[in-house]
file data-v3.cif (mmCIF, C-alpha atoms)
data_final
loop_
_atom_site.label_atom_id
_atom_site.label_comp_id
_atom_site.auth_asym_id
_atom_site.auth_seq_id
_atom_site.Cartn_x
_atom_site.Cartn_y
_atom_site.Cartn_z
CA MET A 160 -8.30 -5.21 -17.93
CA PRO A 161 -5.75 -2.74 -19.32
CA LYS A 162 -6.15 -2.64 -23.09
CA ALA A 163 -4.06 -5.35 -24.76
CA GLU A 164 -2.10 -2.86 -26.86
CA LEU A 165 -1.03 -0.80 -23.83
CA LEU A 166 2.02 -1.52 -21.75
CA ASP A 167 1.07 -2.93 -18.36
CA PRO A 168 3.98 -2.05 -16.03
CA GLN A 169 2.35 -3.90 -13.11
CA GLY A 170 2.11 -7.10 -15.12
CA LYS A 171 5.67 -6.64 -16.33
CA ALA A 172 6.95 -6.27 -12.76
CA VAL A 173 5.10 -9.43 -11.69
CA ALA A 174 6.43 -11.37 -14.70
CA ALA A 175 9.98 -10.26 -13.90
CA ALA A 176 9.56 -11.42 -10.29
CA LEU A 177 8.24 -14.81 -11.45
CA GLU A 178 11.24 -15.28 -13.69
CA ARG A 179 13.64 -14.10 -10.98
CA THR A 180 12.25 -16.58 -8.46
CA GLY A 181 12.48 -19.52 -10.81
CA HIS A 182 8.76 -19.90 -11.55
CA GLY A 183 9.38 -19.71 -15.27
CA THR A 184 8.79 -17.30 -18.09
CA PHE A 185 5.24 -16.04 -18.35
CA GLY A 186 3.40 -13.07 -19.73
CA VAL A 187 1.37 -11.37 -17.00
CA ARG A 188 -1.27 -8.66 -17.17
CA VAL A 189 -2.95 -7.27 -14.06
CA GLY A 190 -6.62 -6.33 -14.11
CA LYS A 191 -9.38 -5.75 -11.59
CA ARG A 192 -12.32 -7.73 -10.31
CA PHE A 193 -15.30 -6.06 -8.68
CA GLU A 194 -17.83 -8.08 -6.66
CA ILE A 195 -21.12 -6.24 -6.72
CA THR A 196 -23.87 -7.54 -4.48
CA SER A 197 -27.57 -6.85 -4.56
CA ASP A 198 -30.42 -8.01 -2.32
CA GLY A 199 -32.72 -8.30 -5.31
CA PRO A 200 -32.76 -11.04 -7.97
CA ALA A 201 -29.95 -11.22 -10.54
CA ASP A 202 -32.42 -10.58 -13.36
CA ALA A 203 -31.88 -9.02 -16.75
CA ALA A 204 -32.53 -5.49 -15.46
CA THR A 205 -30.00 -5.82 -12.65
CA LEU A 206 -27.45 -7.34 -14.99
CA ALA A 207 -27.98 -4.51 -17.49
CA ALA A 208 -27.51 -1.96 -14.69
CA VAL A 209 -24.28 -3.64 -13.58
CA GLU A 210 -23.00 -3.82 -17.15
CA ALA A 211 -23.62 -0.08 -17.50
CA ILE A 212 -21.76 0.56 -14.23
CA ALA A 213 -18.86 -1.59 -15.43
CA ARG A 214 -18.69 0.29 -18.71
CA ASP A 215 -19.24 3.84 -17.44
CA VAL A 216 -17.75 3.96 -13.95
CA LEU A 217 -15.66 0.93 -13.06
CA SER A 218 -13.65 1.07 -16.27
CA ASN A 219 -12.26 3.82 -18.49
CA GLY A 220 -12.77 2.78 -22.10
CA VAL A 221 -9.77 4.83 -23.21
CA ILE A 222 -7.34 2.63 -21.32
CA GLU A 223 -9.29 -0.44 -20.21
CA ASP A 224 -11.70 -3.11 -21.47
CA VAL A 225 -14.50 -4.81 -19.56
CA VAL A 226 -13.82 -8.48 -20.17
CA GLY A 227 -16.89 -9.98 -18.56
CA VAL A 228 -19.85 -9.56 -16.22
CA HIS A 229 -20.93 -12.81 -14.56
CA VAL A 230 -23.71 -13.68 -12.15
CA VAL A 231 -22.59 -15.71 -9.13
CA GLU A 232 -25.26 -16.83 -6.67
CA GLU A 233 -24.11 -16.28 -3.12
CA ALA A 234 -23.71 -19.43 -1.04
CA ARG A 235 -26.24 -19.29 1.83
CA MET B 254 -9.78 38.30 -11.94
CA ARG B 255 -10.75 35.41 -9.65
CA ILE B 256 -9.25 31.95 -10.13
CA GLY B 257 -10.76 29.03 -8.23
CA VAL B 258 -8.80 26.01 -7.04
CA VAL B 259 -10.88 22.95 -6.16
CA THR B 260 -9.84 20.91 -3.14
CA PHE B 261 -10.74 17.22 -3.25
CA PRO B 262 -10.14 14.64 -0.49
CA GLY B 263 -6.48 13.82 -1.04
CA SER B 264 -5.52 16.96 -2.98
CA LEU B 265 -1.96 17.97 -2.10
CA ASP B 266 -1.09 20.94 -4.25
CA ASP B 267 -4.23 23.03 -3.81
CA ARG B 268 -2.47 25.46 -1.44
CA ASP B 269 0.47 25.84 -3.81
CA ALA B 270 -1.93 26.51 -6.69
CA LEU B 271 -3.78 29.17 -4.65
CA ARG B 272 -0.44 30.74 -3.79
CA ALA B 273 0.66 30.68 -7.43
CA VAL B 274 -2.55 32.44 -8.44
CA ARG B 275 -1.85 35.18 -5.90
CA LEU B 276 1.80 35.52 -6.95
CA ALA B 277 0.64 35.92 -10.56
CA GLY B 278 -1.60 38.81 -9.55
CA ALA B 279 -5.07 37.25 -9.51
CA GLU B 280 -7.40 36.62 -6.60
CA PRO B 281 -7.32 32.97 -5.46
CA VAL B 282 -10.65 31.38 -4.47
CA ALA B 283 -10.66 28.08 -2.57
CA LEU B 284 -13.44 25.81 -3.83
CA TRP B 285 -14.70 22.55 -2.32
CA HIS B 286 -15.43 19.28 -4.13
CA GLY B 287 -18.68 18.71 -2.27
CA SER B 288 -20.19 22.05 -3.26
CA HIS B 289 -22.12 22.90 -6.39
CA SER B 290 -20.89 26.52 -6.44
CA LEU B 291 -18.01 27.92 -8.45
CA GLU B 292 -18.47 31.21 -6.55
CA GLY B 293 -18.33 33.31 -9.67
CA VAL B 294 -14.70 32.57 -10.57
CA ASP B 295 -13.30 33.45 -13.99
CA ALA B 296 -11.06 30.40 -14.31
CA LEU B 297 -10.46 27.09 -12.56
CA VAL B 298 -7.52 24.95 -11.48
CA LEU B 299 -7.89 21.25 -10.63
CA PRO B 300 -4.78 20.65 -8.52
CA GLY B 301 -2.42 17.74 -8.10
CA GLY B 302 -2.42 15.13 -5.39
CA PHE B 303 -3.94 11.73 -4.82
CA SER B 304 -7.67 12.35 -4.66
CA TYR B 305 -9.46 9.42 -3.04
CA GLY B 306 -6.10 7.67 -2.69
CA ASP B 307 -6.09 6.96 -6.45
CA TYR B 308 -8.79 4.35 -5.76
CA LEU B 309 -10.47 2.83 -8.83
CA ARG B 310 -8.31 4.90 -11.24
CA CYS B 311 -6.38 8.13 -10.67
CA GLY B 312 -8.88 11.00 -10.71
CA ALA B 313 -11.86 8.72 -11.43
CA ILE B 314 -13.81 9.21 -8.21
CA ALA B 315 -12.98 12.93 -8.03
CA SER B 316 -14.33 13.32 -11.57
CA LEU B 317 -17.71 12.19 -10.18
CA SER B 318 -17.68 14.81 -7.37
CA PRO B 319 -20.65 17.20 -6.96
CA ILE B 320 -18.62 20.23 -8.10
CA MET B 321 -17.50 18.47 -11.28
CA SER B 322 -20.93 18.88 -12.89
CA GLU B 323 -20.41 22.65 -12.61
CA VAL B 324 -16.77 22.39 -13.70
CA ILE B 325 -17.75 20.39 -16.79
CA ALA B 326 -20.54 22.81 -17.68
CA ALA B 327 -18.24 25.82 -17.21
CA ALA B 328 -15.48 24.20 -19.29
CA LYS B 329 -17.93 23.45 -22.09
CA GLY B 330 -19.05 27.08 -21.87
CA GLY B 331 -15.49 28.27 -22.47
CA MET B 332 -14.17 28.94 -18.96
CA PRO B 333 -10.41 28.38 -18.75
CA VAL B 334 -9.70 25.18 -16.79
CA LEU B 335 -6.21 23.91 -15.96
CA GLY B 336 -5.71 20.37 -14.72
CA ILE B 337 -2.34 19.71 -13.12
CA CYS B 338 -1.21 16.10 -12.59
CA ASN B 339 -4.12 14.53 -10.68
CA GLY B 340 -6.24 17.36 -12.10
CA PHE B 341 -5.17 16.31 -15.61
CA GLN B 342 -6.25 12.77 -14.75
CA MET B 343 -9.65 14.13 -13.63
CA LEU B 344 -10.04 16.00 -16.93
CA THR B 345 -9.39 12.85 -18.96
CA GLU B 346 -11.68 10.83 -16.69
CA SER B 347 -14.48 13.37 -17.21
CA ARG B 348 -13.73 13.34 -20.96
CA LEU B 349 -13.05 17.06 -21.08
CA LEU B 350 -9.66 16.06 -22.47
CA PRO B 351 -8.83 13.08 -24.71
CA GLY B 352 -6.60 10.15 -23.85
CA GLY B 353 -5.76 8.63 -20.52
CA LEU B 354 -2.92 8.41 -18.01
CA ILE B 355 -1.52 5.03 -17.03
CA ARG B 356 1.28 3.85 -14.76
CA ASN B 357 4.78 5.06 -15.70
CA ASP B 358 6.44 2.57 -18.03
CA HIS B 359 9.34 2.00 -15.62
CA GLY B 360 6.86 1.25 -12.84
CA THR B 361 8.24 3.73 -10.34
CA PHE B 362 7.27 7.15 -9.06
CA ILE B 363 9.41 9.90 -10.53
CA ARG B 364 10.30 13.38 -9.30
CA ARG B 365 12.50 15.67 -11.32
CA ASP B 366 12.78 19.17 -12.68
CA GLN B 367 11.44 18.52 -16.16
CA GLN B 368 12.26 20.39 -19.31
CA LEU B 369 9.30 20.90 -21.65
CA ARG B 370 8.77 22.42 -25.06
CA VAL B 371 5.70 24.60 -25.54
CA GLU B 372 4.01 23.26 -28.68
CA ASN B 373 0.88 25.39 -28.65
CA ALA B 374 1.03 28.98 -27.38
CA SER B 375 -2.54 29.88 -28.29
CA THR B 376 -4.44 28.21 -25.44
CA ALA B 377 -5.95 30.13 -22.52
CA TRP B 378 -3.11 28.86 -20.33
CA THR B 379 -0.15 29.29 -22.70
CA ASN B 380 -0.63 32.56 -24.58
CA ALA B 381 2.20 34.23 -22.62
CA PHE B 382 4.61 31.74 -24.19
CA GLU B 383 5.95 31.52 -27.72
CA THR B 384 5.59 28.22 -29.56
CA GLY B 385 8.93 26.45 -29.22
CA ASP B 386 9.75 27.96 -25.82
CA GLU B 387 11.68 25.59 -23.59
CA ILE B 388 10.69 25.73 -19.94
CA THR B 389 11.52 23.81 -16.77
CA ILE B 390 8.96 22.95 -14.09
CA PRO B 391 8.80 20.13 -11.52
CA LEU B 392 7.32 16.75 -12.41
CA LYS B 393 6.23 14.20 -9.80
CA ASN B 394 3.95 11.28 -10.51
CA GLY B 395 3.54 7.53 -10.60
CA GLU B 396 0.85 7.36 -13.28
CA GLY B 397 1.72 9.97 -15.86
CA SER B 398 2.10 7.96 -19.03
CA PHE B 399 -0.17 9.59 -21.60
CA VAL B 400 -1.91 7.15 -23.92
CA ALA B 401 -4.55 7.45 -26.62
CA SER B 402 -5.64 5.38 -29.59
CA SER B 403 -3.53 5.87 -32.71
CA GLU B 404 -6.45 7.67 -34.42
CA GLU B 405 -6.89 10.01 -31.44
CA LEU B 406 -3.15 10.62 -31.31
CA ALA B 407 -3.06 11.50 -35.01
CA ARG B 408 -6.01 13.88 -34.54
CA LEU B 409 -4.34 15.59 -31.55
CA GLU B 410 -1.10 16.04 -33.47
CA GLY B 411 -2.91 17.17 -36.61
CA GLU B 412 -5.01 19.75 -34.78
CA GLY B 413 -2.06 21.10 -32.79
CA ARG B 414 -3.63 20.06 -29.53
CA VAL B 415 -0.42 18.76 -27.99
CA VAL B 416 0.46 21.72 -25.74
CA PHE B 417 3.63 20.48 -24.03
CA ARG B 418 6.16 17.81 -24.93
CA TYR B 419 8.86 16.32 -22.70
CA LEU B 420 12.35 17.39 -23.70
CA GLY B 421 15.57 15.50 -23.12
CA VAL B 422 14.04 12.46 -21.49
CA ASN B 423 10.60 10.91 -21.65
CA PRO B 424 10.01 10.41 -17.91
CA ASN B 425 7.08 8.00 -18.01
CA GLY B 426 6.59 6.42 -21.44
CA SER B 427 4.02 8.95 -22.69
CA LEU B 428 3.21 8.45 -26.36
CA ASN B 429 4.89 11.03 -28.62
CA ASP B 430 6.54 12.49 -25.46
CA ILE B 431 3.23 14.22 -24.68
CA ALA B 432 3.22 16.11 -21.37
CA GLY B 433 0.03 18.11 -21.86
CA VAL B 434 -2.93 18.51 -24.21
CA THR B 435 -5.84 20.87 -24.78
CA ASN B 436 -9.45 20.59 -25.95
CA GLU B 437 -10.63 21.80 -29.36
CA ARG B 438 -11.49 25.24 -28.04
CA GLY B 439 -8.18 25.72 -26.23
CA ASN B 440 -9.74 26.72 -22.90
CA VAL B 441 -9.11 23.40 -21.14
CA VAL B 442 -5.48 22.35 -20.66
CA GLY B 443 -4.11 19.40 -18.74
CA LEU B 444 -0.51 18.47 -18.02
CA MET B 445 1.38 16.16 -15.69
CA PRO B 446 4.19 18.56 -14.61
CA HIS B 447 3.50 21.24 -12.00
CA PRO B 448 3.61 24.93 -13.02
CA GLU B 449 2.42 25.99 -9.56
CA HIS B 450 5.71 24.78 -8.08
CA ALA B 451 7.73 27.16 -10.28
CA THR B 452 6.24 30.54 -9.42
CA GLU B 453 8.37 32.00 -6.65
CA PRO B 454 12.14 32.67 -6.65
CA GLY B 455 13.79 30.49 -4.01
CA PHE B 456 11.26 27.68 -4.34
CA GLY B 457 11.39 26.71 -8.02
CA PRO B 458 13.65 24.52 -10.13
CA ASP B 459 17.35 25.36 -10.44
CA THR B 460 18.32 27.55 -13.38
CA THR B 461 21.68 28.54 -14.80
CA ALA B 462 21.23 31.90 -13.03
CA ALA B 463 20.71 30.61 -9.51
CA MET B 464 19.52 27.66 -7.45
CA ARG B 465 15.73 27.29 -7.20
CA SER B 466 15.14 30.49 -9.13
CA GLY B 467 12.92 28.99 -11.85
CA VAL B 468 9.56 30.70 -12.25
CA ASP B 469 8.45 29.39 -15.66
CA GLY B 470 5.14 28.35 -14.10
CA LEU B 471 4.10 31.97 -13.58
CA ARG B 472 3.42 32.36 -17.28
CA PHE B 473 0.62 29.79 -17.15
CA PHE B 474 -1.23 32.09 -14.77
CA ALA B 475 -0.19 35.25 -16.63
CA SER B 476 -1.67 33.61 -19.73
CA VAL B 477 -5.06 32.99 -18.20
CA ILE B 478 -5.19 36.48 -16.73
CA GLU B 479 -4.45 37.85 -20.22
CA ALA B 480 -7.00 35.51 -21.83
CA THR B 481 -9.68 36.60 -19.38
CA ILE B 482 -9.00 40.32 -19.76
CA ALA B 483 -9.04 39.92 -23.56
CA ALA B 484 -12.34 37.99 -23.48
#

call {"tool": "encode", "arguments": {"input": "data-v3.cif", "output": "C-alpha cells"}}
result
Amino acid sequence: MPKAELLDPQGKAVAAALERTGHGTFGVRVGKRFEITSDGPADAATLAAVEAIARDVLSNGVIEDVVGVHVVEEAR
Amino acid sequence: MRIGVVTFPGSLDDRDALRAVRLAGAEPVALWHGSHSLEGVDALVLPGGFSYGDYLRCGAIASLSPIMSEVIAAAKGGMPVLGICNGFQMLTESRLLPGGLIRNDHGTFIRRDQQLRVENASTAWTNAFETGDEITIPLKNGEGSFVASSEELARLEGEGRVVFRYLGVNPNGSLNDIAGVTNERGNVVGLMPHPEHATEPGFGPDTTAAMRSGVDGLRFFASVIEATIAA
C-alpha cells in the first residue's frame, strides 16, 4: 500500500468518481496484491522467502508498506 | 571523454541523450541493459522513458537489470551518473539516491517547459552552473512527485543535496518543490526534467531570444566533461 502519510492520487480519483456517481463519500486508497504460487509446501521457509520478496522487490519501503503476507491453499 | 547511455526495454530518450553527449563534445557510447560491461566509459546516463512499461513501480524492474550491478558499483566508486526522469526513478529504486517518485498529485501526465533553480552547483553534473542560476528545460512525466520522510528531507536540505528546485509552479506535488537531488559525494544526480532535450538550437524550449533556442541542458554535459578532466 502507498504509505498512509503520502498523497494517493489514484485513490483520490476513485473517491471523486464514487462521489460523482452518487455512491457516497468515501476515502479510497489504491494498493497492490500479488499472488505468488509455489509447487512446494507453504512452510515457514517459503513464507520467509516470500516475505523477503515482498519487502525487497515487490514494494519500495520509501513510498510503500507491505500490509500482509497470507497463505491461501489453492482449491484443487 | 566517453559517456555511456544505457538503453533499457522501454527507454525513449536514450537516442536524445547520446546526441546531447555528442553535441556537448564528448563521445557517446550506447550501452545495453542486459550486458555486464560499461565498456570503459567515464560517466553514465540513465535515460528517460517507460522501462518495462512502468510495471511494478517506475524504474523498479530496470533497477534489477544485469548492467545495474556495474552501474551501482561504478557510482559507489565515484563515477558520475545522471538519471533523467525514468533514470532518476531507477536511481531511487536502486537506493543510489534517497527518496522516491510517486504519481503526480493532480493525477495527470504533464509536459511543459519547466523553469528550475540550480541549488547546488558543485556536483559532477552542475559545476558549469552558478548556484541560483535559473534555467528552462522540458519536463514530461506522470510519476514525478518527489517524496521522502521528513527526516530524510531535512537531511537533504541541510546537506545541500537538493540540486534543482521547480520555479514558478510545482508541476507534480514534489515536496519542497524538489526537481532533482544528489548523493553525498555529488557524483550521482537525478532529476525529473530533461536536460538532453535542451541541447540544440531549434529543438529546445522557447527563450526570449527565439523560439526553441533554449540549450540550458548543454551545461549538464559540459559539467561532467569538466569534472572528468579535473579528476

call {"tool": "resolve_selection", "arguments": {"input": "data-v3.cif", "expression": "the PyMOL selection byres ((chain A) within 12 of (chain B))", "output": "PyMOL selection string"}}
result
chain A and resi 161-173+175+189-193+213+215-223

call {"tool": "resolve_selection", "arguments": {"input": "data-v3.cif", "expression": "the PyMOL selection byres ((chain B and resi 457) around 9)", "output": "list in words"}}
result
Asp366, Ile390, Pro391, His450, Ala451, Thr452, Glu453, Pro454, Gly455, Phe456, Pro458, Asp459, Thr460, Met464, Arg465, Ser466, Gly467, Val468, Asp469 and Gly470 of chain B

call {"tool": "resolve_selection", "arguments": {"input": "data-v3.cif", "expression": "the PyMOL selection byres ((chain B and resi 411-422) around 7)", "output": "JSON, numbers by chain"}}
result
{"B": [368, 369, 370, 371, 372, 373, 407, 408, 409, 410, 423, 424, 430, 431, 432, 433, 434, 435, 436]}

call {"tool": "atom_distance", "arguments": {"input": "data-v3.cif", "atom1": "CA of Arg179 in chain A", "atom2": "CA of Gly397 in chain B"}}
result
27.3 Å

call {"tool": "atom_distance", "arguments": {"input": "data-v3.cif", "atom1": "CA of Thr384 in chain B", "atom2": "CA of Arg272 in chain B"}}
result
26.6 Å

call {"tool": "atom_distance", "arguments": {"input": "data-v3.cif", "atom1": "CA of Ile195 in chain A", "atom2": "CA of Val225 in chain A"}}
result
14.5 Å

call {"tool": "residues_around", "arguments": {"input": "data-v3.cif", "residues": "Val226 in chain A", "least_positions_apart": "2", "cutoff": "9 Å", "atoms": "all atoms listed in the file", "output": "list in words"}}
result
Met160, Asp224 and Val228 of chain A

call {"tool": "write_last_selection", "arguments": {"input": "data-v3.cif", "atoms": "C-alpha atoms", "output": "JSON list (two decimals), in the frame of the given file"}}
result
[["chain", "number", "residue", "atom", "x", "y", "z"],
["A", 160, "MET", "CA", -8.30, -5.21, -17.93],
["A", 224, "ASP", "CA", -11.70, -3.11, -21.47],
["A", 228, "VAL", "CA", -19.85, -9.56, -16.22]]

call {"tool": "closest_residue", "arguments": {"input": "data-v3.cif", "among": "A:His229, A:Ala174, A:His182, A:Glu194", "to": "Ala207 in chain A", "atoms": "all atoms listed in the file"}}
result
A:His229

call {"tool": "residues_around", "arguments": {"input": "data-v3.cif", "residues": "Ala315 in chain B", "least_positions_apart": "4", "cutoff": "8 Å", "atoms": "all atoms listed in the file", "output": "PyMOL selection string"}}
result
chain B and resi 261+286+304-305+321+343

call {"tool": "axis_aligned_box", "arguments": {"input": "data-v3.cif", "around": "range 197-213 of chain A", "padding_each_side": "8 Å", "output": "JSON"}}
result
{"center_x": -25.8, "center_y": -5.3, "center_z": -9.9, "size_x": 29.9, "size_y": 27.8, "size_z": 31.2}

call {"tool": "build_atoms", "arguments": {"input": "data-v3.cif", "residues": "range 187-220 of chain A", "atoms": "N, CA and C atoms", "output": "PDB file, in the coordinates of the input"}}
result
ATOM      1  N   VAL A 187       2.345 -11.665 -18.052  1.00  0.00           N
ATOM      2  CA  VAL A 187       1.370 -11.370 -17.000  1.00  0.00           C
ATOM      3  C   VAL A 187       0.730 -10.007 -17.260  1.00  0.00           C
ATOM      4  N   ARG A 188      -0.575  -9.941 -17.153  1.00  0.00           N
ATOM      5  CA  ARG A 188      -1.270  -8.660 -17.170  1.00  0.00           C
ATOM      6  C   ARG A 188      -2.137  -8.595 -15.928  1.00  0.00           C
ATOM      7  N   VAL A 189      -2.204  -7.412 -15.303  1.00  0.00           N
ATOM      8  CA  VAL A 189      -2.950  -7.270 -14.060  1.00  0.00           C
ATOM      9  C   VAL A 189      -4.207  -6.442 -14.309  1.00  0.00           C
ATOM     10  N   GLY A 190      -5.343  -7.037 -13.963  1.00  0.00           N
ATOM     11  CA  GLY A 190      -6.620  -6.330 -14.110  1.00  0.00           C
ATOM     12  C   GLY A 190      -7.320  -6.192 -12.769  1.00  0.00           C
ATOM     13  N   LYS A 191      -8.609  -5.942 -12.822  1.00  0.00           N
ATOM     14  CA  LYS A 191      -9.380  -5.750 -11.590  1.00  0.00           C
ATOM     15  C   LYS A 191     -10.640  -6.597 -11.622  1.00  0.00           C
ATOM     16  N   ARG A 192     -11.061  -7.009 -10.441  1.00  0.00           N
ATOM     17  CA  ARG A 192     -12.320  -7.730 -10.310  1.00  0.00           C
ATOM     18  C   ARG A 192     -13.161  -7.010  -9.275  1.00  0.00           C
ATOM     19  N   PHE A 193     -14.382  -6.709  -9.604  1.00  0.00           N
ATOM     20  CA  PHE A 193     -15.300  -6.060  -8.680  1.00  0.00           C
ATOM     21  C   PHE A 193     -16.388  -7.071  -8.335  1.00  0.00           C
ATOM     22  N   GLU A 194     -16.704  -7.232  -7.056  1.00  0.00           N
ATOM     23  CA  GLU A 194     -17.830  -8.080  -6.660  1.00  0.00           C
ATOM     24  C   GLU A 194     -18.940  -7.147  -6.221  1.00  0.00           C
ATOM     25  N   ILE A 195     -20.012  -7.148  -6.959  1.00  0.00           N
ATOM     26  CA  ILE A 195     -21.120  -6.240  -6.720  1.00  0.00           C
ATOM     27  C   ILE A 195     -22.304  -7.054  -6.226  1.00  0.00           C
ATOM     28  N   THR A 196     -22.782  -6.747  -5.035  1.00  0.00           N
ATOM     29  CA  THR A 196     -23.870  -7.540  -4.480  1.00  0.00           C
ATOM     30  C   THR A 196     -25.164  -6.751  -4.474  1.00  0.00           C
ATOM     31  N   SER A 197     -26.250  -7.471  -4.563  1.00  0.00           N
ATOM     32  CA  SER A 197     -27.570  -6.850  -4.560  1.00  0.00           C
ATOM     33  C   SER A 197     -28.520  -7.779  -3.811  1.00  0.00           C
ATOM     34  N   ASP A 198     -29.446  -7.189  -3.050  1.00  0.00           N
ATOM     35  CA  ASP A 198     -30.420  -8.010  -2.320  1.00  0.00           C
ATOM     36  C   ASP A 198     -31.487  -8.565  -3.255  1.00  0.00           C
ATOM     37  N   GLY A 199     -31.670  -7.882  -4.381  1.00  0.00           N
ATOM     38  CA  GLY A 199     -32.720  -8.300  -5.310  1.00  0.00           C
ATOM     39  C   GLY A 199     -32.253  -9.465  -6.180  1.00  0.00           C
ATOM     40  N   PRO A 200     -33.122  -9.926  -7.082  1.00  0.00           N
ATOM     41  CA  PRO A 200     -32.760 -11.040  -7.970  1.00  0.00           C
ATOM     42  C   PRO A 200     -31.753 -10.592  -9.031  1.00  0.00           C
ATOM     43  N   ALA A 201     -30.920 -11.526  -9.486  1.00  0.00           N
ATOM     44  CA  ALA A 201     -29.950 -11.220 -10.540  1.00  0.00           C
ATOM     45  C   ALA A 201     -30.645 -11.358 -11.893  1.00  0.00           C
ATOM     46  N   ASP A 202     -31.645 -10.492 -12.113  1.00  0.00           N
ATOM     47  CA  ASP A 202     -32.420 -10.580 -13.360  1.00  0.00           C
ATOM     48  C   ASP A 202     -31.782  -9.726 -14.456  1.00  0.00           C
ATOM     49  N   ALA A 203     -32.451  -9.727 -15.597  1.00  0.00           N
ATOM     50  CA  ALA A 203     -31.880  -9.020 -16.750  1.00  0.00           C
ATOM     51  C   ALA A 203     -31.685  -7.536 -16.460  1.00  0.00           C
ATOM     52  N   ALA A 204     -32.622  -6.932 -15.743  1.00  0.00           N
ATOM     53  CA  ALA A 204     -32.530  -5.490 -15.460  1.00  0.00           C
ATOM     54  C   ALA A 204     -31.324  -5.192 -14.580  1.00  0.00           C
ATOM     55  N   THR A 205     -31.133  -6.019 -13.553  1.00  0.00           N
ATOM     56  CA  THR A 205     -30.000  -5.820 -12.650  1.00  0.00           C
ATOM     57  C   THR A 205     -28.686  -6.013 -13.411  1.00  0.00           C
ATOM     58  N   LEU A 206     -28.657  -7.052 -14.221  1.00  0.00           N
ATOM     59  CA  LEU A 206     -27.450  -7.340 -14.990  1.00  0.00           C
ATOM     60  C   LEU A 206     -27.140  -6.186 -15.954  1.00  0.00           C
ATOM     61  N   ALA A 207     -28.185  -5.635 -16.567  1.00  0.00           N
ATOM     62  CA  ALA A 207     -27.980  -4.510 -17.490  1.00  0.00           C
ATOM     63  C   ALA A 207     -27.447  -3.293 -16.724  1.00  0.00           C
ATOM     64  N   ALA A 208     -27.974  -3.089 -15.507  1.00  0.00           N
ATOM     65  CA  ALA A 208     -27.510  -1.960 -14.690  1.00  0.00           C
ATOM     66  C   ALA A 208     -26.029  -2.140 -14.338  1.00  0.00           C
ATOM     67  N   VAL A 209     -25.665  -3.369 -13.971  1.00  0.00           N
ATOM     68  CA  VAL A 209     -24.280  -3.640 -13.580  1.00  0.00           C
ATOM     69  C   VAL A 209     -23.347  -3.512 -14.792  1.00  0.00           C
ATOM     70  N   GLU A 210     -23.826  -3.959 -15.943  1.00  0.00           N
ATOM     71  CA  GLU A 210     -23.000  -3.820 -17.150  1.00  0.00           C
ATOM     72  C   GLU A 210     -22.758  -2.350 -17.477  1.00  0.00           C
ATOM     73  N   ALA A 211     -23.787  -1.518 -17.259  1.00  0.00           N
ATOM     74  CA  ALA A 211     -23.620  -0.080 -17.500  1.00  0.00           C
ATOM     75  C   ALA A 211     -22.621   0.523 -16.512  1.00  0.00           C
ATOM     76  N   ILE A 212     -22.703   0.082 -15.253  1.00  0.00           N
ATOM     77  CA  ILE A 212     -21.760   0.560 -14.230  1.00  0.00           C
ATOM     78  C   ILE A 212     -20.331   0.155 -14.607  1.00  0.00           C
ATOM     79  N   ALA A 213     -20.190  -1.090 -15.049  1.00  0.00           N
ATOM     80  CA  ALA A 213     -18.860  -1.590 -15.430  1.00  0.00           C
ATOM     81  C   ALA A 213     -18.279  -0.766 -16.566  1.00  0.00           C
ATOM     82  N   ARG A 214     -19.138  -0.433 -17.528  1.00  0.00           N
ATOM     83  CA  ARG A 214     -18.690   0.290 -18.710  1.00  0.00           C
ATOM     84  C   ARG A 214     -18.404   1.765 -18.397  1.00  0.00           C
ATOM     85  N   ASP A 215     -19.294   2.384 -17.596  1.00  0.00           N
ATOM     86  CA  ASP A 215     -19.240   3.840 -17.440  1.00  0.00           C
ATOM     87  C   ASP A 215     -18.452   4.316 -16.228  1.00  0.00           C
ATOM     88  N   VAL A 216     -18.389   3.497 -15.189  1.00  0.00           N
ATOM     89  CA  VAL A 216     -17.750   3.960 -13.950  1.00  0.00           C
ATOM     90  C   VAL A 216     -16.538   3.110 -13.582  1.00  0.00           C
ATOM     91  N   LEU A 217     -16.731   1.800 -13.558  1.00  0.00           N
ATOM     92  CA  LEU A 217     -15.660   0.930 -13.060  1.00  0.00           C
ATOM     93  C   LEU A 217     -14.489   0.840 -14.021  1.00  0.00           C
ATOM     94  N   SER A 218     -14.740   1.105 -15.301  1.00  0.00           N
ATOM     95  CA  SER A 218     -13.650   1.070 -16.270  1.00  0.00           C
ATOM     96  C   SER A 218     -13.588   2.390 -17.033  1.00  0.00           C
ATOM     97  N   ASN A 219     -12.453   2.667 -17.608  1.00  0.00           N
ATOM     98  CA  ASN A 219     -12.260   3.820 -18.490  1.00  0.00           C
ATOM     99  C   ASN A 219     -11.947   3.254 -19.869  1.00  0.00           C
ATOM    100  N   GLY A 220     -12.902   3.387 -20.771  1.00  0.00           N
ATOM    101  CA  GLY A 220     -12.770   2.780 -22.100  1.00  0.00           C
ATOM    102  C   GLY A 220     -11.574   3.246 -22.904  1.00  0.00           C
TER     103      GLY A 220
END
